[in-house]
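Below is one structure, written out as structure tokens, with a few remarks after it.
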Amino acid sequence: MAIQNCFCTLVLIALGVSLFSSCGGSEKTASGLHEEELSGQEIYLENCASCHGSDGKLGLSGAFDLSTSGLTIEEVKKVLNEGRNGMPPMKEILSSQEQIEKVAEYTIELRK
Ligand code: HEC
């Protein structure tokens with residue numbers, strides 16, 4: 001009897017764990033897919049405009065005026081990946097290099 005109960009508990013735990021992990025897994029893929037569809041502008045407005053402003057000129061807490069930036073796209077990507085002084089690294093926030101690439105291109109468009 002005691003063994004049966006124990007077995008039953010184990011099955012329940014295993015079920016619970018597999019349900020939990022499969023649920024977490026599919027959620028991650030779903031939001032990942034969604035993010036891949038965002039344009040550079042959407043990524044920018046969501047993650048950057050709070051400091052840089054929607055036109056790049058806000059300059060909140062020392063944020064650089066992106067419309068006067070002279071960085072190349074490679075340099076912008078480096079700032080995004082690694083951060084610089086008051087600029088937080090975005091590598092952890094943006095889910096892929098593809099997103100970094102898109103938003104980097106968008107910051108360059110802000111100069112026109
Ligand atoms: C928490 C506020 C904050 C957020 C959010 C933020 N930045 Fe910044 N950013 C800064 C600050 C502050 C600087 C100036 C860093 C320095 O003085 O070295 C900066 C600098 C930059 C630079 C360098 C410009 C140059 O010419 O030197 C780029 C490019 C840039 N940010 C792009 C972005 C992008 C793209 C995003 C969104 C993915 C973003 N930033 C989000 C605060 C922020």
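Letters A, B, ... mark the chains of the structure tokens in the order given; residue numbers begin at 1 per chain; ligand numbers begin at 1, in order shown.
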Kindly work out which residues sit at most 10 Å from ligand 1, using only C-alpha atoms and all ligand atoms, and give the list as a count of residues only. 58
Step one, run DSSP on the backbone; step two, keep only residues of stretch 42-95 of chain A assigned to helix (DSSP H, G or I); then write them as a list in words. Glu42, Ile43, Tyr44, Leu45, Glu46, Asn47, Ala49, Ser50, Cys51, His52, Leu60, Ser61, Gly62, Leu66, Ser67, Thr68, Ile73, Glu74, Glu75, Val76, Lys77, Lys78, Val79, Leu80, Asn81 and Glu82 of chain A
Deliver the residues from the most recent selection as a file, using N, CA and C atoms, as a compact mmCIF listing (two decimals), in the first residue's frame.
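Writing the result to selection.txt gives the following:
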# COMPACT_ATOMS: atom_id res chain seq x y z
N GLU A 42 9.08 49.48 -34.37
CA GLU A 42 8.34 48.95 -33.22
C GLU A 42 9.29 48.58 -32.09
N ILE A 43 10.39 47.96 -32.45
CA ILE A 43 11.38 47.58 -31.43
C ILE A 43 11.91 48.85 -30.76
N TYR A 44 12.17 49.86 -31.58
CA TYR A 44 12.70 51.12 -31.06
C TYR A 44 11.71 51.79 -30.09
N LEU A 45 10.46 51.90 -30.53
CA LEU A 45 9.46 52.57 -29.69
C LEU A 45 9.26 51.83 -28.37
N GLU A 46 9.36 50.52 -28.41
CA GLU A 46 9.14 49.72 -27.21
C GLU A 46 10.33 49.78 -26.26
N ASN A 47 11.54 49.77 -26.80
CA ASN A 47 12.71 49.57 -25.94
C ASN A 47 13.63 50.78 -25.81
N ALA A 49 12.64 54.38 -26.95
CA ALA A 49 12.05 55.71 -26.94
C ALA A 49 11.91 56.29 -25.54
N SER A 50 11.86 55.41 -24.51
CA SER A 50 11.72 55.90 -23.14
C SER A 50 12.88 56.80 -22.76
N CYS A 51 14.05 56.56 -23.30
CA CYS A 51 15.22 57.41 -23.01
C CYS A 51 15.53 58.33 -24.18
N HIS A 52 15.46 57.79 -25.40
CA HIS A 52 15.90 58.55 -26.56
C HIS A 52 14.78 59.36 -27.21
N LEU A 60 16.89 61.79 -22.47
CA LEU A 60 16.60 61.60 -21.05
C LEU A 60 17.80 60.95 -20.34
N SER A 61 18.11 61.45 -19.15
CA SER A 61 19.26 61.00 -18.35
C SER A 61 20.52 60.81 -19.19
N GLY A 62 20.81 61.83 -20.00
CA GLY A 62 22.07 61.82 -20.76
C GLY A 62 22.06 60.95 -22.00
N LEU A 66 20.13 60.68 -31.01
CA LEU A 66 20.45 59.73 -32.07
C LEU A 66 20.41 60.37 -33.45
N SER A 67 19.69 61.51 -33.58
CA SER A 67 19.61 62.14 -34.90
C SER A 67 20.94 62.81 -35.26
N THR A 68 21.82 63.02 -34.27
CA THR A 68 23.12 63.62 -34.59
C THR A 68 24.27 62.62 -34.39
N ILE A 73 26.83 51.48 -38.52
CA ILE A 73 25.89 50.45 -38.05
C ILE A 73 26.60 49.44 -37.16
N GLU A 74 27.85 49.12 -37.47
CA GLU A 74 28.61 48.18 -36.64
C GLU A 74 28.81 48.75 -35.24
N GLU A 75 29.11 50.05 -35.18
CA GLU A 75 29.33 50.68 -33.88
C GLU A 75 28.03 50.75 -33.07
N VAL A 76 26.92 51.03 -33.77
CA VAL A 76 25.61 51.06 -33.09
C VAL A 76 25.32 49.68 -32.50
N LYS A 77 25.57 48.64 -33.28
CA LYS A 77 25.30 47.28 -32.79
C LYS A 77 26.16 46.95 -31.58
N LYS A 78 27.40 47.47 -31.58
CA LYS A 78 28.29 47.23 -30.45
C LYS A 78 27.74 47.92 -29.19
N VAL A 79 27.26 49.18 -29.34
CA VAL A 79 26.67 49.88 -28.19
C VAL A 79 25.45 49.10 -27.70
N LEU A 80 24.65 48.59 -28.63
CA LEU A 80 23.45 47.85 -28.24
C LEU A 80 23.80 46.55 -27.52
N ASN A 81 24.80 45.85 -28.01
CA ASN A 81 25.17 44.58 -27.39
C ASN A 81 25.84 44.76 -26.04
N GLU A 82 26.71 45.76 -25.96
CA GLU A 82 27.55 45.87 -24.76
C GLU A 82 27.12 46.99 -23.82
